[in-house]
Structures are given as structure tokens and as C-alpha cells.
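S.K.: Sharing a structure with you now.
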Amino acid sequence: ANSNGNFLFFLFSILCSLLLFTSQTPTALAAPVSSIPSNNNNALDTLQLAARDKHIPTKAQVEELIQPAHLHEFSQYAKRNQPPKDKAIFFTGQPQKSINELVKWANGQHLTSVRDIWKNANFFQKGQYKEVDAATFTRFQQAFSKYYAQQTTGTAYLVFPHDKTPAKTGIFYSVELPEIIAHGKVDEIIWIDQDKIHDKGYDWKTETKVYWKK
């Protein structure tokens with residue numbers, strides 16, 4: 001009788017243990033996300049920061065690059081030996097769609113624009129700098145345009161309609177041209193007629209109109 005009683009007690013103990021285990025399991029599975037240690041959240045934040053392309057400056061780096069004394073530091077974001085000699089183009093006063101078409105045409109002619117010299121193809125895009133305010137980004141554009149002008153050598157090209165005059169407030173006239181003149185590495189700027197670049201009878205390579213000559 002005692003052995004039967006002990007056996008029944010043993011079975012009862014096992015059943016109680018199983019019931020206790022199964023009653024706790026759902027609670028553990030339903031643990032709220034907020035119970036995850038905060039260290040894990042910090043780790044996720046770190047991963048997101050690490051995903052930022054090293055060739056896109058941070059807000060702090062942008063604010064440093066726009067200072068004249070740090071202009072040379074754009075070199076760490078630019079491809080080497082760009083733009084090539086006799087291949088640099090300049091444009092000004094264009095809506096975004098026209099610029100896109102112009103740059104596409106230039107690339108097809110093996111010419112290089114300020115958009116093409118960067119290690120990251122989106123370097124010049126405002127969307128890459130969401131933490132940078134509009135005024136600072138404008139100064140950033142002026143700064144990297146100045147850097148581009150400094151790197152230009154030989155013959156350069158202005159792609160702009162012949163029947164119009166580049167605005168004096170535009171980046172080309174107010175920033176790039178003075179830099180080209182000051183550095184003395186450009187011999188002349190040939191003025192390509194933008195209105196004719198898609199005409200079959202127009203050969204930009206034989207264009208003789210000069211915008212500026214050293």
C-alpha cells in the first residue's frame with residue numbers, strides 16, 4: 001500500500017511540475033519588446049550610423065569643409081586626377097532637368113562635370129545631408145564647386161546658350177570663374193552652345209567661341 005501511495009505521489013508531483021511549466025511559457029514568449037535591454041537598442045543605433053557611406057561628409061564635416069582653410073580636404077571625397085585635363089565642363093543657371101540632360105550628354109562625350117568627380121555618386125545631392133540647413137548646403141555647393149575649379153586644367157568648356165549671358169550671381173560666374181583665373185591652370189574656356197548640342201550638324205569639338213582666355 002505504501003509503495004502504491006509513493007508512486008501516486010510521484011506521478012502527482014510530475015503533473016504539477018508540467019502544469020507549472022506550461023503556464024509560465026506563454027508569459028515568457030509574450031514578453032514586451034520594451035523589456036529588451038537598452039544596450040541592444042544602442043547597438044542597433046550604432047549599426048545604423050556605421051552604415052553611413054564614409055564618402056558622404058557628416059554635418060560637422062560639412063561645416064568644416066565650407067571654411068576656406070579646409071577646402072583642400074575635399075580631396076578625400078574626390079576621385080584621383082579628376083577632372084582630367086581638357087575635359088572639364090561648367091554650366092550655370094539651369095533647372096534640374098536641364099542639368100541632368102546636360103550632364104548625361106557630357107558624359108557621352110567623355111567630358112566631366114562637377115557631379116562626376118566624387119567617390120560617392122550622390123555626393124552633391126541635398127538629400128544626403130538632411131541634417132544640414134539650406135544656407136549651409138548652399139555654402140557647401142559653392143565650396144565643392146570652388147574645389148572643382150581649382151582642379152581644372154588645360155582647356156575647359158562652358159555649356160550654355162550663346163544667346164544668353166551667365167548670371168553674375170550664379171556659381172560659375174561668382175565662384176568657379178574667379179577660381180579658374182586665380183589658379184592659372186586653365187588656358188581658355190570654350191563656349192559650347194547648349195541649344196545645339198543635340199543638333200547633328202553641330203560639332204562642339206570645332207567650336208571656336210571663347211568665353212575666357214588666359
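Ligands are numbered from 1 in the order shown, chains are lettered A, B, ... in the order of the C-alpha cells, and residues start at 1 in each chain.
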How close does stretch 67-108 of chain A get to stretch 133-145 of chain A? List, as JSON lines, each residue of stretch 67-108 of chain A within 12 Å, its nearest atom pair and the distance in Å to one decimal, counting only C-alpha atoms.

M.R.:
```
{"residue": "A:Gln67", "atom": "CA", "partner": "A:Ala143", "partner_atom": "CA", "distance": 8.1}
{"residue": "A:Pro68", "atom": "CA", "partner": "A:Ala143", "partner_atom": "CA", "distance": 8.0}
{"residue": "A:Ala69", "atom": "CA", "partner": "A:Ala143", "partner_atom": "CA", "distance": 11.0}
{"residue": "A:His70", "atom": "CA", "partner": "A:Ala143", "partner_atom": "CA", "distance": 9.7}
{"residue": "A:Leu71", "atom": "CA", "partner": "A:Ala143", "partner_atom": "CA", "distance": 6.9}
{"residue": "A:His72", "atom": "CA", "partner": "A:Phe144", "partner_atom": "CA", "distance": 9.7}
{"residue": "A:Glu73", "atom": "CA", "partner": "A:Phe144", "partner_atom": "CA", "distance": 10.0}
{"residue": "A:Phe74", "atom": "CA", "partner": "A:Phe144", "partner_atom": "CA", "distance": 7.0}
{"residue": "A:Ser75", "atom": "CA", "partner": "A:Phe144", "partner_atom": "CA", "distance": 9.8}
{"residue": "A:Gln76", "atom": "CA", "partner": "A:Phe144", "partner_atom": "CA", "distance": 12.0}
{"residue": "A:Tyr77", "atom": "CA", "partner": "A:Phe144", "partner_atom": "CA", "distance": 10.2}
{"residue": "A:Ala78", "atom": "CA", "partner": "A:Phe144", "partner_atom": "CA", "distance": 9.9}
{"residue": "A:Ala88", "atom": "CA", "partner": "A:Ser145", "partner_atom": "CA", "distance": 12.0}
{"residue": "A:Ile89", "atom": "CA", "partner": "A:Ser145", "partner_atom": "CA", "distance": 11.7}
{"residue": "A:Phe90", "atom": "CA", "partner": "A:Ser145", "partner_atom": "CA", "distance": 9.7}
{"residue": "A:Phe91", "atom": "CA", "partner": "A:Ser145", "partner_atom": "CA", "distance": 11.0}
{"residue": "A:Thr92", "atom": "CA", "partner": "A:Ser145", "partner_atom": "CA", "distance": 11.4}
```

S.K.: When you look at A:Asp187 with a cut-off of 10 Å (counting only C-alpha atoms), what residues show up, excluding the ones that are within fewer than 2 positions of it in the same chain? I need them as a list in words.

M.R.: Asp86, Thr153, Gly154, Thr155, Ala156, Ile180, Ile181, Gly184, Lys185, Ile189, Ile190, Trp212, Lys213 and Lys214 of chain A

S.K.: Nearest residue to A:Thr208 out of A:Lys54, A:His162, A:Lys87, A:Lys79, using only C-alpha atoms?

M.R.: A:His162

S.K.: Measure the distance from atom CA of A:Thr165 to atom CA of A:Lys97 in Å and round it to one decimal.

M.R.: 19.7 Å

S.K.: Per residue of stretch 114-193 of chain A within 9 Å of stretch 100-109 of chain A, which atom pair is closest and at what distance in Å (one decimal), using only C-alpha atoms, listed by chain and increasing number, as a Markdown table?

M.R.:
```
| residue | atom | partner | partner_atom | distance |
| --- | --- | --- | --- | --- |
| A:Arg115 | CA | A:Val103 | CA | 8.1 |
| A:Asp116 | CA | A:Asn107 | CA | 8.7 |
| A:Val159 | CA | A:Leu102 | CA | 8.1 |
```

S.K.: Among stretch 119-168 of chain A, which residues does DSSP mark as strand (DSSP E) when it is run on the backbone? Keep the chain and numbering as in the structure and answer as JSON, numbers by chain.

M.R.: {"A": [154, 155, 156, 157, 158, 159]}

S.K.: Per DSSP on the backbone, what are the helix (DSSP H, G or I) residues of stretch 61-144 of chain A, as a ChimeraX atom specification?

M.R.: /A:61-65,68-76,96-108,126-128,134-144

S.K.: Could those selected residues go to a file with N, CA and C atoms, as a CSV table (one decimal), in the first residue's frame?

M.R.:
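result-v9.csv, written as the output of this step:
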```csv
chain,number,residue,atom,x,y,z
A,61,GLN,N,31.5,67.6,-40.6
A,61,GLN,CA,32.5,67.7,-41.6
A,61,GLN,C,32.1,68.7,-42.7
A,62,VAL,N,30.8,68.8,-43.0
A,62,VAL,CA,30.3,69.8,-44.0
A,62,VAL,C,30.7,71.2,-43.5
A,63,GLU,N,30.4,71.4,-42.2
A,63,GLU,CA,30.6,72.8,-41.6
A,63,GLU,C,32.1,73.1,-41.6
A,64,GLU,N,33.0,72.1,-41.6
A,64,GLU,CA,34.4,72.3,-41.6
A,64,GLU,C,34.9,72.5,-43.1
A,65,LEU,N,34.3,71.8,-44.0
A,65,LEU,CA,34.7,71.9,-45.4
A,65,LEU,C,34.4,73.2,-46.0
A,68,PRO,N,37.3,78.2,-45.8
A,68,PRO,CA,38.4,78.3,-46.8
A,68,PRO,C,39.7,77.5,-46.5
A,69,ALA,N,40.0,77.5,-45.2
A,69,ALA,CA,41.3,76.8,-44.8
A,69,ALA,C,41.2,75.3,-45.0
A,70,HIS,N,40.0,74.8,-45.1
A,70,HIS,CA,39.8,73.3,-45.2
A,70,HIS,C,39.4,72.9,-46.6
A,71,LEU,N,39.4,73.8,-47.6
A,71,LEU,CA,39.0,73.4,-48.9
A,71,LEU,C,39.7,72.2,-49.5
A,72,HIS,N,41.0,72.1,-49.2
A,72,HIS,CA,41.8,71.0,-49.8
A,72,HIS,C,41.3,69.7,-49.3
A,73,GLU,N,40.5,69.6,-48.2
A,73,GLU,CA,40.1,68.4,-47.6
A,73,GLU,C,39.0,67.7,-48.5
A,74,PHE,N,38.5,68.4,-49.5
A,74,PHE,CA,37.5,67.8,-50.4
A,74,PHE,C,38.2,66.6,-51.2
A,75,SER,N,39.5,66.7,-51.2
A,75,SER,CA,40.3,65.6,-51.9
A,75,SER,C,40.0,64.2,-51.4
A,76,GLN,N,39.7,64.1,-50.1
A,76,GLN,CA,39.4,62.8,-49.5
A,76,GLN,C,38.1,62.2,-50.0
A,96,GLN,N,16.8,71.8,-62.8
A,96,GLN,CA,17.4,70.5,-62.5
A,96,GLN,C,17.3,69.5,-63.7
A,97,LYS,N,16.2,69.5,-64.4
A,97,LYS,CA,16.0,68.6,-65.5
A,97,LYS,C,17.0,68.9,-66.6
A,98,SER,N,17.3,70.2,-66.9
A,98,SER,CA,18.2,70.6,-67.9
A,98,SER,C,19.7,70.2,-67.5
A,99,ILE,N,20.0,70.3,-66.2
A,99,ILE,CA,21.3,69.9,-65.7
A,99,ILE,C,21.5,68.4,-65.9
A,100,ASN,N,20.5,67.6,-65.6
A,100,ASN,CA,20.6,66.2,-65.7
A,100,ASN,C,20.8,65.8,-67.2
A,101,GLU,N,20.1,66.4,-68.1
A,101,GLU,CA,20.3,66.1,-69.5
A,101,GLU,C,21.7,66.6,-70.0
A,102,LEU,N,22.1,67.7,-69.5
A,102,LEU,CA,23.4,68.3,-69.9
A,102,LEU,C,24.5,67.3,-69.5
A,103,VAL,N,24.4,66.9,-68.2
A,103,VAL,CA,25.5,66.0,-67.7
A,103,VAL,C,25.5,64.7,-68.4
A,104,LYS,N,24.3,64.2,-68.7
A,104,LYS,CA,24.2,62.9,-69.5
A,104,LYS,C,24.9,63.1,-70.9
A,105,TRP,N,24.6,64.2,-71.5
A,105,TRP,CA,25.2,64.5,-72.8
A,105,TRP,C,26.8,64.6,-72.7
A,106,ALA,N,27.2,65.3,-71.7
A,106,ALA,CA,28.6,65.5,-71.4
A,106,ALA,C,29.4,64.2,-71.2
A,107,ASN,N,28.8,63.3,-70.4
A,107,ASN,CA,29.4,62.0,-70.1
A,107,ASN,C,29.5,61.2,-71.4
A,108,GLY,N,28.5,61.3,-72.3
A,108,GLY,CA,28.5,60.6,-73.5
A,108,GLY,C,29.6,61.1,-74.5
A,126,LYS,N,21.4,67.1,-52.2
A,126,LYS,CA,20.9,67.6,-51.0
A,126,LYS,C,20.4,66.6,-50.0
A,127,GLY,N,19.7,65.6,-50.6
A,127,GLY,CA,19.1,64.5,-49.8
A,127,GLY,C,20.0,63.7,-49.0
A,128,GLN,N,21.3,63.8,-49.3
A,128,GLN,CA,22.3,63.1,-48.5
A,128,GLN,C,22.7,63.9,-47.2
A,134,ALA,N,19.6,74.7,-45.3
A,134,ALA,CA,19.7,75.2,-46.7
A,134,ALA,C,20.8,76.2,-46.9
A,135,ALA,N,21.0,77.1,-46.0
A,135,ALA,CA,22.0,78.1,-46.1
A,135,ALA,C,23.4,77.5,-46.1
A,136,THR,N,23.6,76.5,-45.2
A,136,THR,CA,24.9,75.8,-45.1
A,136,THR,C,25.2,75.0,-46.3
A,137,PHE,N,24.1,74.3,-46.8
A,137,PHE,CA,24.3,73.5,-48.0
A,137,PHE,C,24.6,74.3,-49.2
A,138,THR,N,24.1,75.5,-49.3
A,138,THR,CA,24.5,76.4,-50.4
A,138,THR,C,25.9,76.8,-50.4
A,139,ARG,N,26.4,77.0,-49.2
A,139,ARG,CA,27.9,77.3,-49.0
A,139,ARG,C,28.7,76.1,-49.3
A,140,PHE,N,28.1,74.9,-49.0
A,140,PHE,CA,28.8,73.6,-49.3
A,140,PHE,C,28.9,73.5,-50.8
A,141,GLN,N,27.8,73.8,-51.5
A,141,GLN,CA,27.9,73.7,-53.0
A,141,GLN,C,28.9,74.6,-53.6
A,142,GLN,N,29.0,75.8,-53.0
A,142,GLN,CA,30.0,76.8,-53.5
A,142,GLN,C,31.4,76.3,-53.2
A,143,ALA,N,31.5,75.7,-52.1
A,143,ALA,CA,32.9,75.2,-51.7
A,143,ALA,C,33.3,74.1,-52.6
A,144,PHE,N,32.5,73.1,-52.8
A,144,PHE,CA,32.9,71.9,-53.7
A,144,PHE,C,33.0,72.4,-55.1
```

S.K.: Nearest to A:Phe172 among A:Ala149, A:Val210, A:Ala60, A:Ile192, with distances taken over only C-alpha atoms: which residue is it?

M.R.: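 With only C-alpha atoms as the atom set, the closest residue is A:Ala149.
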